[in-house]
Each structure stands twice: as C-alpha cells, then as structure tokens.
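Worksheet: the structure to be examined is printed underneath.
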Amino acid sequence: MPTLTPPDPPSSIRLQTLLTRRFVLLMTVLASLLLLASLCLLILFTHLNDKTLMQAEADKATLLLASERERLQALVKDYASWDDAYRYVNRPDRRFIETSFSDSYHGLGVDFTAIFRRNGELLYVVAGDSHSPLSPALLRALSAPGIQSQKLAAGESVKHLAFIGSRPAQLALAGISTTDESAPSNGMMVMGRYLDGANMARLGAQAGLDVAVGQGPEAVRAGYGWDGRVDYRLVRSLAEAPGWSLQIDKQLDHRMLLWLSGFFACSIVLLIATASWWMRRFLRELVIYRIEQFARLARAGAGSETHYWPVEGHCELDDLAQAYNRQMDELARVRETLQLQAVTDPLTRLGNRWALEQALAEVARRSDGQVYSLLLLDLDGFKRINDSLGHLVGDQLLQALAELLHRVLDGRGMLFRSGGDEFCALIADDAATLSAHVTQRLLPVLRQPFIVGRHELKVTASIGLASWQAGMEVLALMRHAYLAMYAAKQQGRDGLCVYRQEMSAAADERLSQEQALRSAVANDEIRPWFQPVVDAVTGQVVSLEMLARWSLNGHMIPPLTFIQLAEEIGLIGTLWEQMLRRALVDFCAFRLLQPALKLQVNLSALQLLEVNFAARLQALIAGHGLPVDSVSIEITESATLDELPLAGQTLAELVGLGIGLHLDDFGTGYSSMARLCALPFDTLKLDRSFVQLLGAGDDTLARTVYDMAQGMGLALIAEGVETVEECRQLRAIGYRQIQGYLFARPMDGVAMLAWLGETHDWAPLERPVAAV
C-alpha cells in the first residue's frame, strides 16, 4: 500500500507557522492578563496592608501621646498637692522655688511650669531650663483667659492642648491643695510640654515613627518609589482635642516584595514559555505532521493513482485515516465504474458516442493502411412508437435491435449506439463490399417483425455508409455517414446509401433552407392564403381552404418543400399555430360578408401525436369568437395510417368537439376500406389526379369514389378543377362542392375579402350537361 514521505519544509511550514503564531498570541495574551491581574491584586493587597499597618502605628502613637499626657497630668497633680506649694501661694517664698524647681525638676522633661492664685494672678512661671528667658508667646498663652479662668478644686486636674505661638503644646492643670483634704484650693499649677522638637523625636523614637501634632483634617497619602520604598503619611484627628490631629510619617520598604513579585512574574513567563514549547512540539509531532501528510496526499490525489494515509495508532486522526482510505477504495471503484459508464450505453451495453469518437480517433492515429467504413443505422418512425406505445416498449425494441446487429455483423466490427435510435458500426472493410453484405443480410432481417411483449412491431431502417480516407478528421467521417443516412431517408427509407461527394453540397443547401425556414418562422414571414370551395349548383362559396405561402427573396417556395422540412426539424407545430391565428383573424372578417362560411385547415400527421391537441385547438377557435363547427380539419390519408390507435384517439376528440374532419387526397394512399370505416371523417376530397382522368374520358374512379361516399354517408369535395368541362362532368356524376383554378386561385386575406365582396358570373356552368 503506497504511503507518504514527510513533506518538504517549504510546503509544510504554512500550517505549523499559522498554529504557532496563533498559539503564541494566545499564550501571550493569557500571560499578560495573568500578570496584569496579579499586579493589580498585589498592589491592592499591599495598599490595604500598608493602610492597616499605618492605622496600627497611628494607634500606637496615639497611645504614646495619651500616655505622655497622663504622666504630665500625674506630675502636675503631684506638685499641686504639696503643702509647700500651698503655702507659697499664700506667701510667696524664693526658697520654695529654688528647692522645688532645681536639678530634679529639670530631669522631668517639663518645658515650663506656672503657678496661679485663685483669682488668676500669675505668681511664678519657670521654663524647663531655668536659665532661659521666658518667651513672650508663653507669657501670652498663660495670660490667656482660657487658662486664668480655670477654677479647679483641690485635687482636681485637667488636660489641655494649646499653641504657644506656633508651637503645639500639651498642658496639665491641677488645683493646688494640702494634705488636709478639708482645705480649699487656693490656686492652680500649670505644667506644659511642647509637642515638637526633642519631645516628638523622643516620642517618635519610642514608636519608631516620625510623629507630629498639628491642626487639620484626616488624610492619607502614599508615595510609591521605583526602588520599592513607600513614603506613607497618615493624619488622624485627636478625639480629645477637636481640630487637633496627629501626623504620622513612615517609610515602608517593599523591596523584598518587589523582588518576589518579579520572581513570580518571571516564573509565570517561564512556565508559559515552557508550556508553549511543549505544546508546539506536541502539536508538531502528533497533529501537524500528520495533517501535512494529508495535505500532501490531497495534492497528489489529482492523478489516477490511489494514495492511502498511513494508520499509526488508534486516535481520532487514525480513525480519520481509516475512513479516508475506505473512501479512496470506494472512489477507485466509482472511478472505474464511471470510466466504464462514460463509454457504455446503459440500455444496450454497447459503446456510446464518446466510445465511437475514441475508436475513430484511434483509427486516425494508427494509419496502418487498413480500409475502414462507418455504418450508420437509424430506425424509421421510432419516435411514434415511443409516443404511442411508451418508452418501455421503445427501449425493448432498441435492445432487440442491438442483439440483432450483433448477430448479423457476426463480430466483423465494433458496434455502438450513438444516441436515440441511431446505431453505428466501425468495420474494417471497404464500402462496396460492406454495402453488398448489408443489402443481402441486414436489410431483409430488419424487415421481419420484432416481438416486443405483446406487440408485433414492423420497423424499417435507413442506413448510411461512408469510408475512411487518409487524413480525414473524425467528425468528417461521421458527417459523411449522416449525409448518406439522410439520403436513404429521402429516397423513401428502408434502404442503404453510400456517401458521395455531391451529398455534401445537398446537405449545405438543406442547411441553408433550414436556417432560412427557422428565420421565417421566428419572424412570422409565412402567411396564410385562401382558396374557395364553391357549390357548383348554387354558385355560393361554401368554405375556404387555408394554404401556406412563403416568399423568400421574391420567389415563392413550394409548400410541400418547406412543410416537409418544418416537420423534419420540429417546427411544424409552431408554424401551423402562427398561420391559424392569422387565418382566424381574416376568417372573422370573411364571415361578416358570408356568416355561413367555413374554414378548412390542413393538419400535419405529427400534430396528431401532440398531447391535448384537440383542447388547444378548441380554445384557439373560441378565443376569436367563432363557433367550433365553423372550422374543419383536413388530414391526408397517409397521416392516419402510421399509428392508428393514437391518431384515432385524437380524431375522435376533434369530432367530439364538433370540428369537421376531411380526408384529403383520397385515393392516393394505401388504406383498406375497413380501416377507413374506423376513422370518423365526414367529408372526402377527390384528388386532382382523379379529376384529370375526366379530361381523358375516364370517369370510373370519380364515379366509384362518389358511390362509396354516398354509401358511407360522406360529403364530397372535388379539388384541382381547372376547366368547365371537368366541372360539368363532376356535376353530372353528383359532385356539388368544387375547388380549383376554375373558380379562383389561392389569394391572401386582403384579396380574398375583396373577392368575396364581388359578384361572379357562373353562367358557363349552367349549360346543359350531356347524358352520361
């Protein structure tokens, strides 16, 4: 079983590149989204963590600041509840100041202390450094009404925040009292500590923060740097001091987190790159390579050789390969069948037209000096067998004929069915020898009846023979055989003709006539003419016969010539309907002059085989406002004989509608009296050949036809009457309806309308007729 080699790189990179690009793009998008989502989550969680951390730091700083206030408040209460301090307020003493606010006092971290009397008088104020002068801002702050108005009881203390100039400070106030609890407070002691500078540095050192106290609303600000450090500031309002806030600054170090994030991102990228490489290799080895094999197989499948896709395992691609291989087997069988069908006629199992052309082409290539002849056989009237008895009977007849030809030719050549009822035989023999064989053996056998089912069919065949000549084209040989076959048909059918050179000229002439006729029908150039039928006794015009006239290049073409040609090329139905429509228009005008006038219309034998012909004719007549019985149909005797059942059915339908039937050219056909009696005619037309016998003194046939018609109850019309003597003899026999040049030649509608309006002198016809 043929297999496929790996595809070449230039032809295999397309799918691989496409999938790689798509996959890399997908992985890049996924990695970007993952990294972006991770970065956003990392920033969010870091920010939340930083905020939580700073809130905790703020709580710690707030607690430290509250602890500072509590210690300051405890210190001021301790100094205010001292007996010496109480006595100092009543009687200020320098010694008390020196001993109380000496070196031990300076180690307490108090920035200033003030002593007030009960009435708010400032007795003493000392800074943390007793040697430093008091600042005016401090003195103004201590003199402020908010301080001096405080009236604290003994042992009572309060905490207070204030600005000393521009410096924030916390104050602790306590009422001065003694150990005697019953003694009232006689003053107030204030201790203060600045909330900036060394104090806040000390507080910040304890908390590990940069801490400041000020005024302002709560706020949060974070400044992130590219080095992983964050400058964070949190401003929190102090609940115990409205308007005051605690400002905390801290630098957070996220460098380790940044390094970890970078490591995480690189790990993700590396993981995705590794997965992409592995998936690409996986797709390349398990999928792309095999699909490339399939693509190469598809390109190689344009030839006639069958290629199979190798099966390597049990995956879906192997299932596809097995299904494809089965299709390849089926395709090979179908191709073989189609090749056979392409050159074989399915009905007869003979070679078809294509096989014939191939055989002729092989003969032309061979050029071995051998003489070849092409025999072309066409059945006469096969279409009518198909139309009347059905295609099944026709097919069976063709099969029987194929077997007969095999038997008669006895392997002397190749037999073909070139189409329809045409058979061809390519025989290695000259035309003269072959024609004698056909005449002696084939034609007599063909004349014998074929038994097809319950039908006994008698058929004839027209045969053409043409010989191969060196250098001749295939189509030319076939054309010669067709010309010979058509010549056999024109010679009366049931015969054989051998191609002669003059047949090509005749065929060209026929083609020219055929093209001219097609053009004439397409342009409605063939017109109806009319010839009257006169009652020889009363002189009245009884009816008009519609006749076809065609003028081509100023010359009148004989009706029999172009009518027969129209039948052969399938235009008779269209031509007849065109003429009848125009004739009915003229006929309506004629009936205005003579209301009882009738129209006789000739009908082709082929029209008897048309489906629903009678109904279509009735509709056409009624469409012009004419009664159906005003039109009669004329049919030649031979037209009713080929296929009697179908013709009889159509004729019966016409009679049932009230349309008259005339048997034209009576006496020139081959009808038996029994067959004529079976046909529903109401009128016989005596042929011109019988009328001419009257001029020679022989009236036997004319009288016989008259007696027969009288016996059958049929009307009679004598046609072709040209002399007064012929008319008188016909009247003597009993004929009344006469048609011929004696009364009028055929004329077109305008001339006929004028003729009908004229008065005609039939006096010569009134002379006595001698006894017969």
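Residue numbers start at 1 in each chain; chains themselves are named A, B, ... in the order of the structure tokens; ligands are numbered from 1 in the order shown.
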
inquiry  = Using only C-alpha atoms, which protein or nucleic acid residues come within 8 Å of A:Val220? Drop anything in the same chain fewer than 6 positions from it, and give the result as a ChimeraX atom specification.
reply    = /A:232-235

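Here the residues within stretch 127-244 of chain A that DSSP labels alpha helix (DSSP H) on the basis of the backbone are Pro136, Ala137, Leu138, Leu139, Arg140, Ala141, Leu142, Pro145, Gly146, Ile147, Gln148, Gly197, Ala198, Asn199, Met200, Ala201, Arg202, Leu203, Gly204, Ala205, Gln206 and Ala207 of chain A.
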
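The neighbours of A:Leu340 here are the residues that come within 10 Å of it, using only C-alpha atoms and leaving out any residue fewer than 6 positions away in the same chain; they are Val334, Pro346, Gly351 and Ala355 of chain A.
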
key: Separation of atom CA of A:Ser467 from atom CA of A:Ala431, in Å and rounded to one decimal   = 5.9 Å

request  = Considering only C-alpha atoms, return as a PyMOL selection string whatever protein or nucleic-acid residues lie within 12 Å of A:Met579, sequence-local ones (same chain, fewer than 2 positions apart) excluded.
outcome  = chain A and resi 521+524-530+546-550+572-577+581-587+601-603+620+748-749
